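Raw contents of model-v1.cif, mmCIF, C-alpha atoms:
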data_my_file
#
loop_
_atom_site.group_PDB
_atom_site.id
_atom_site.type_symbol
_atom_site.label_atom_id
_atom_site.label_comp_id
_atom_site.auth_asym_id
_atom_site.auth_seq_id
_atom_site.Cartn_x
_atom_site.Cartn_y
_atom_site.Cartn_z
ATOM 1 C CA GLN A 1 60.095 177.086 98.759
ATOM 2 C CA VAL A 2 59.935 173.702 100.470
ATOM 3 C CA GLN A 3 63.312 172.051 100.368
ATOM 4 C CA LEU A 4 66.218 170.416 102.148
ATOM 5 C CA VAL A 5 69.707 171.681 101.456
ATOM 6 C CA GLU A 6 72.856 169.850 102.512
ATOM 7 C CA SER A 7 76.217 171.507 103.012
ATOM 8 C CA GLY A 8 79.589 170.827 104.571
ATOM 9 C CA GLY A 9 80.954 168.237 102.178
ATOM 10 C CA ASP A 10 84.612 168.569 101.350
ATOM 11 C CA PHE A 11 87.850 166.812 100.484
ATOM 12 C CA VAL A 12 89.527 165.509 103.647
ATOM 13 C CA GLN A 13 92.385 163.178 104.501
ATOM 14 C CA PRO A 14 91.805 159.883 106.291
ATOM 15 C CA GLY A 15 91.349 160.435 109.992
ATOM 16 C CA GLY A 16 89.904 163.881 109.473
ATOM 17 C CA SER A 17 86.523 165.271 110.439
ATOM 18 C CA LEU A 18 83.612 166.987 108.753
ATOM 19 C CA ARG A 19 80.278 168.289 109.900
ATOM 20 C CA LEU A 20 77.449 168.049 107.423
ATOM 21 C CA SER A 21 74.413 170.268 107.748
ATOM 22 C CA CYS A 22 70.895 169.754 106.493
ATOM 23 C CA ALA A 23 68.778 172.897 106.414
ATOM 24 C CA ALA A 24 65.036 172.831 105.931
ATOM 25 C CA SER A 25 62.988 175.640 104.471
ATOM 26 C CA GLY A 26 59.264 175.867 104.012
ATOM 27 C CA PHE A 27 58.436 173.319 106.699
ATOM 28 C CA THR A 28 59.190 172.568 110.348
ATOM 29 C CA LEU A 29 61.943 169.989 110.472
ATOM 30 C CA ARG A 30 61.462 169.089 114.134
ATOM 31 C CA THR A 31 58.245 167.245 113.271
ATOM 32 C CA TYR A 32 60.107 164.998 110.812
ATOM 33 C CA THR A 33 62.417 162.080 111.290
ATOM 34 C CA VAL A 34 65.569 162.892 109.350
ATOM 35 C CA GLY A 35 68.220 160.644 107.900
ATOM 36 C CA TRP A 36 71.605 160.807 106.261
ATOM 37 C CA PHE A 37 72.264 158.549 103.292
ATOM 38 C CA ARG A 38 75.349 157.929 101.200
ATOM 39 C CA GLN A 39 75.490 157.191 97.503
ATOM 40 C CA VAL A 40 78.515 155.897 95.644
ATOM 41 C CA PRO A 41 78.498 155.479 91.846
ATOM 42 C CA GLY A 42 77.482 151.974 90.888
ATOM 43 C CA LYS A 43 76.162 151.138 94.337
ATOM 44 C CA GLU A 44 72.804 151.420 96.019
ATOM 45 C CA ARG A 45 72.097 154.301 98.321
ATOM 46 C CA GLU A 46 72.774 153.283 101.908
ATOM 47 C CA ALA A 47 71.648 154.655 105.244
ATOM 48 C CA VAL A 48 74.286 156.202 107.465
ATOM 49 C CA SER A 49 72.357 157.672 110.384
ATOM 50 C CA CYS A 50 68.811 158.665 111.225
ATOM 51 C CA ILE A 51 67.378 160.790 114.011
ATOM 52 C CA SER A 52 63.794 160.625 115.165
ATOM 53 C CA SER A 53 61.366 163.508 115.325
ATOM 54 C CA GLY A 54 60.153 163.067 118.873
ATOM 55 C CA THR A 55 62.800 161.863 121.287
ATOM 56 C CA GLY A 56 65.692 162.632 118.985
ATOM 57 C CA GLY A 57 66.766 159.034 119.275
ATOM 58 C CA THR A 58 69.463 158.088 116.819
ATOM 59 C CA PHE A 59 70.248 155.091 114.679
ATOM 60 C CA TYR A 60 73.597 154.411 113.051
ATOM 61 C CA SER A 61 74.820 151.986 110.466
ATOM 62 C CA ASP A 62 77.515 149.614 111.639
ATOM 63 C CA SER A 63 80.125 151.594 109.720
ATOM 64 C CA ALA A 64 79.052 154.863 111.345
ATOM 65 C CA LYS A 65 78.814 153.685 114.953
ATOM 66 C CA GLY A 66 81.388 155.243 117.220
ATOM 67 C CA ARG A 67 82.554 157.717 114.585
ATOM 68 C CA PHE A 68 79.501 159.706 113.474
ATOM 69 C CA THR A 69 77.009 161.656 115.539
ATOM 70 C CA ALA A 70 73.674 162.975 114.304
ATOM 71 C CA SER A 71 72.018 165.870 116.070
ATOM 72 C CA ARG A 72 69.270 168.392 115.563
ATOM 73 C CA ASP A 73 68.872 172.074 116.260
ATOM 74 C CA ASN A 74 65.155 172.654 116.177
ATOM 75 C CA ALA A 75 65.514 176.383 116.695
ATOM 76 C CA LYS A 76 67.550 176.613 113.493
ATOM 77 C CA ASN A 77 65.462 174.036 111.649
ATOM 78 C CA MET A 78 68.573 171.999 110.958
ATOM 79 C CA VAL A 79 70.066 168.545 111.392
ATOM 80 C CA TYR A 80 73.767 167.800 111.511
ATOM 81 C CA LEU A 81 76.059 164.852 111.001
ATOM 82 C CA GLN A 82 79.404 165.093 112.752
ATOM 83 C CA MET A 83 81.829 162.681 111.112
ATOM 84 C CA ASN A 84 85.099 161.873 112.837
ATOM 85 C CA GLY A 85 87.811 159.397 111.992
ATOM 86 C CA LEU A 86 86.897 159.494 108.337
ATOM 87 C CA LYS A 87 87.949 156.629 106.103
ATOM 88 C CA ALA A 88 88.253 156.279 102.353
ATOM 89 C CA GLU A 89 85.125 154.126 102.335
ATOM 90 C CA ASP A 90 83.113 157.056 103.695
ATOM 91 C CA THR A 91 83.519 158.774 100.336
ATOM 92 C CA GLY A 92 80.303 159.507 98.505
ATOM 93 C CA VAL A 93 77.466 161.943 98.049
ATOM 94 C CA TYR A 94 75.602 162.460 101.284
ATOM 95 C CA TYR A 95 71.899 163.179 101.155
ATOM 96 C CA CYS A 96 69.507 164.109 103.894
ATOM 97 C CA ALA A 97 65.909 163.027 103.785
ATOM 98 C CA ALA A 98 62.920 163.744 105.977
ATOM 99 C CA ASP A 99 59.638 161.998 106.554
ATOM 100 C CA ARG A 100 56.803 163.017 108.822
ATOM 101 C CA MET A 101 55.017 159.690 109.118
ATOM 102 C CA ILE A 102 58.053 157.672 110.141
ATOM 103 C CA THR A 103 58.778 158.263 113.815
ATOM 104 C CA THR A 104 61.914 156.261 114.559
ATOM 105 C CA GLY A 105 65.415 156.565 113.249
ATOM 106 C CA GLN A 106 65.736 152.841 112.704
ATOM 107 C CA ALA A 107 62.641 152.782 110.524
ATOM 108 C CA LEU A 108 63.847 155.670 108.383
ATOM 109 C CA CYS A 109 67.207 153.989 107.964
ATOM 110 C CA THR A 110 65.547 150.797 106.732
ATOM 111 C CA PRO A 111 65.090 150.506 102.951
ATOM 112 C CA PRO A 112 63.333 151.234 100.676
ATOM 113 C CA PHE A 113 64.181 154.918 100.865
ATOM 114 C CA TYR A 114 62.560 156.369 97.781
ATOM 115 C CA LYS A 115 59.186 157.152 99.326
ATOM 116 C CA TYR A 116 60.288 159.750 101.863
ATOM 117 C CA ASP A 117 58.676 163.176 101.867
ATOM 118 C CA TYR A 118 61.724 165.292 101.095
ATOM 119 C CA TRP A 119 65.232 164.745 99.806
ATOM 120 C CA GLY A 120 68.068 167.184 99.438
ATOM 121 C CA LYS A 121 70.354 167.312 96.417
ATOM 122 C CA GLY A 122 73.397 166.052 98.264
ATOM 123 C CA THR A 123 76.871 167.167 99.250
ATOM 124 C CA GLN A 124 80.081 165.454 98.163
ATOM 125 C CA VAL A 125 82.431 163.975 100.741
ATOM 126 C CA THR A 126 85.782 162.724 99.514
ATOM 127 C CA VAL A 127 88.229 161.034 101.866
ATOM 128 C CA SER A 128 91.609 160.457 100.330
ATOM 129 C CA SER A 129 95.292 160.895 101.008
#
If you took the structure in this file and wrote it as structure tokens, what would it be?
Amino acid sequence: QVQLVESGGDFVQPGGSLRLSCAASGFTLRTYTVGWFRQVPGKEREAVSCISSGTGGTFYSDSAKGRFTASRDNAKNMVYLQMNGLKAEDTGVYYCAADRMITTGQALCTPPFYKYDYWGKGTQVTVSS
């Protein structure tokens, strides 16, 4: 079955850390540019971080810079998002998406997002005291 599955979301206090994982099955993730997107009820989905297929170059939203790190493990067919210094405004459902034609992280993190090849079903991150 061809799919992306996110995991690692949790309830965490401000200042805490989480590592989200995005696992691909049925296709080779290393040939896709992969992104992390956050959705909050009543708001548009926004890009958090994207990592390119070739060089592994990364792009981060302004809110994610300096706190989040995207990485890939091609041997495991997975992409990760390490989130440190979490804030209440980081709360939301985090989705990973992958697209084979888009080759840079910045391009994948630029809307519109709906046309990407694969999307996961999301994992909930809640940051609250």
List, as a PDB file with C-alpha atoms, in the coordinates of the input, every residue that the PyMOL selection byres ((chain A and resi 74-89) around 9) selects in the file provided.
ATOM      1  CA  VAL A  12      89.527 165.509 103.647  1.00  0.00           C
ATOM      2  CA  GLN A  13      92.385 163.178 104.501  1.00  0.00           C
ATOM      3  CA  PRO A  14      91.805 159.883 106.291  1.00  0.00           C
ATOM      4  CA  GLY A  15      91.349 160.435 109.992  1.00  0.00           C
ATOM      5  CA  GLY A  16      89.904 163.881 109.473  1.00  0.00           C
ATOM      6  CA  SER A  17      86.523 165.271 110.439  1.00  0.00           C
ATOM      7  CA  LEU A  18      83.612 166.987 108.753  1.00  0.00           C
ATOM      8  CA  ARG A  19      80.278 168.289 109.900  1.00  0.00           C
ATOM      9  CA  LEU A  20      77.449 168.049 107.423  1.00  0.00           C
ATOM     10  CA  SER A  21      74.413 170.268 107.748  1.00  0.00           C
ATOM     11  CA  CYS A  22      70.895 169.754 106.493  1.00  0.00           C
ATOM     12  CA  ALA A  23      68.778 172.897 106.414  1.00  0.00           C
ATOM     13  CA  ALA A  24      65.036 172.831 105.931  1.00  0.00           C
ATOM     14  CA  SER A  25      62.988 175.640 104.471  1.00  0.00           C
ATOM     15  CA  PHE A  27      58.436 173.319 106.699  1.00  0.00           C
ATOM     16  CA  THR A  28      59.190 172.568 110.348  1.00  0.00           C
ATOM     17  CA  LEU A  29      61.943 169.989 110.472  1.00  0.00           C
ATOM     18  CA  ARG A  30      61.462 169.089 114.134  1.00  0.00           C
ATOM     19  CA  VAL A  34      65.569 162.892 109.350  1.00  0.00           C
ATOM     20  CA  GLY A  35      68.220 160.644 107.900  1.00  0.00           C
ATOM     21  CA  TRP A  36      71.605 160.807 106.261  1.00  0.00           C
ATOM     22  CA  SER A  49      72.357 157.672 110.384  1.00  0.00           C
ATOM     23  CA  ILE A  51      67.378 160.790 114.011  1.00  0.00           C
ATOM     24  CA  ALA A  64      79.052 154.863 111.345  1.00  0.00           C
ATOM     25  CA  GLY A  66      81.388 155.243 117.220  1.00  0.00           C
ATOM     26  CA  ARG A  67      82.554 157.717 114.585  1.00  0.00           C
ATOM     27  CA  PHE A  68      79.501 159.706 113.474  1.00  0.00           C
ATOM     28  CA  THR A  69      77.009 161.656 115.539  1.00  0.00           C
ATOM     29  CA  ALA A  70      73.674 162.975 114.304  1.00  0.00           C
ATOM     30  CA  SER A  71      72.018 165.870 116.070  1.00  0.00           C
ATOM     31  CA  ARG A  72      69.270 168.392 115.563  1.00  0.00           C
ATOM     32  CA  ASP A  73      68.872 172.074 116.260  1.00  0.00           C
ATOM     33  CA  ASP A  90      83.113 157.056 103.695  1.00  0.00           C
ATOM     34  CA  THR A  91      83.519 158.774 100.336  1.00  0.00           C
ATOM     35  CA  GLY A  92      80.303 159.507  98.505  1.00  0.00           C
ATOM     36  CA  CYS A  96      69.507 164.109 103.894  1.00  0.00           C
ATOM     37  CA  THR A 126      85.782 162.724  99.514  1.00  0.00           C
ATOM     38  CA  VAL A 127      88.229 161.034 101.866  1.00  0.00           C
ATOM     39  CA  SER A 128      91.609 160.457 100.330  1.00  0.00           C
ATOM     40  CA  SER A 129      95.292 160.895 101.008  1.00  0.00           C
TER      41      SER A 129
END
Option closest in space to Val2 (chain A), from A:Arg100, A:Val125, A:Asp117, A:Val93 [counting all atoms listed in the file]
A:Asp117
Selection under test: the PyMOL selection byres ((chain A and resi 111) around 12); residues as a PyMOL selection string:
chain A and resi 35+37+44-48+105-110+112-116
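Interatomic distance, CA of Tyr118 (chain A) to CA of Thr31 (chain A): 12.8 Å.
Atom pair CA of Gly56 (chain A) / CA of Leu4 (chain A): separated by 18.6 Å.
The spacing separating CA of Gln124 (chain A) from CA of Gly9 (chain A) amounts to 5.0 Å.
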Extract, using all atoms listed in the file, all DNA, RNA and protein residues at most 8 Å from region 102-104 of chain A, discarding same-chain residues fewer than 6 positions from it, and format them as a PyMOL selection string.
chain A and resi 32-33+51-54+57
Using the file's own x, y and z axes, what box holds all listed atoms of region 98-103 of chain A with 8 Å on each side, keeping edges along x, y and z, and what are its centre and edge lengths in Å to one decimal, as JSON?
{"center_x": 59.0, "center_y": 160.7, "center_z": 109.9, "size_x": 23.9, "size_y": 22.1, "size_z": 23.8}
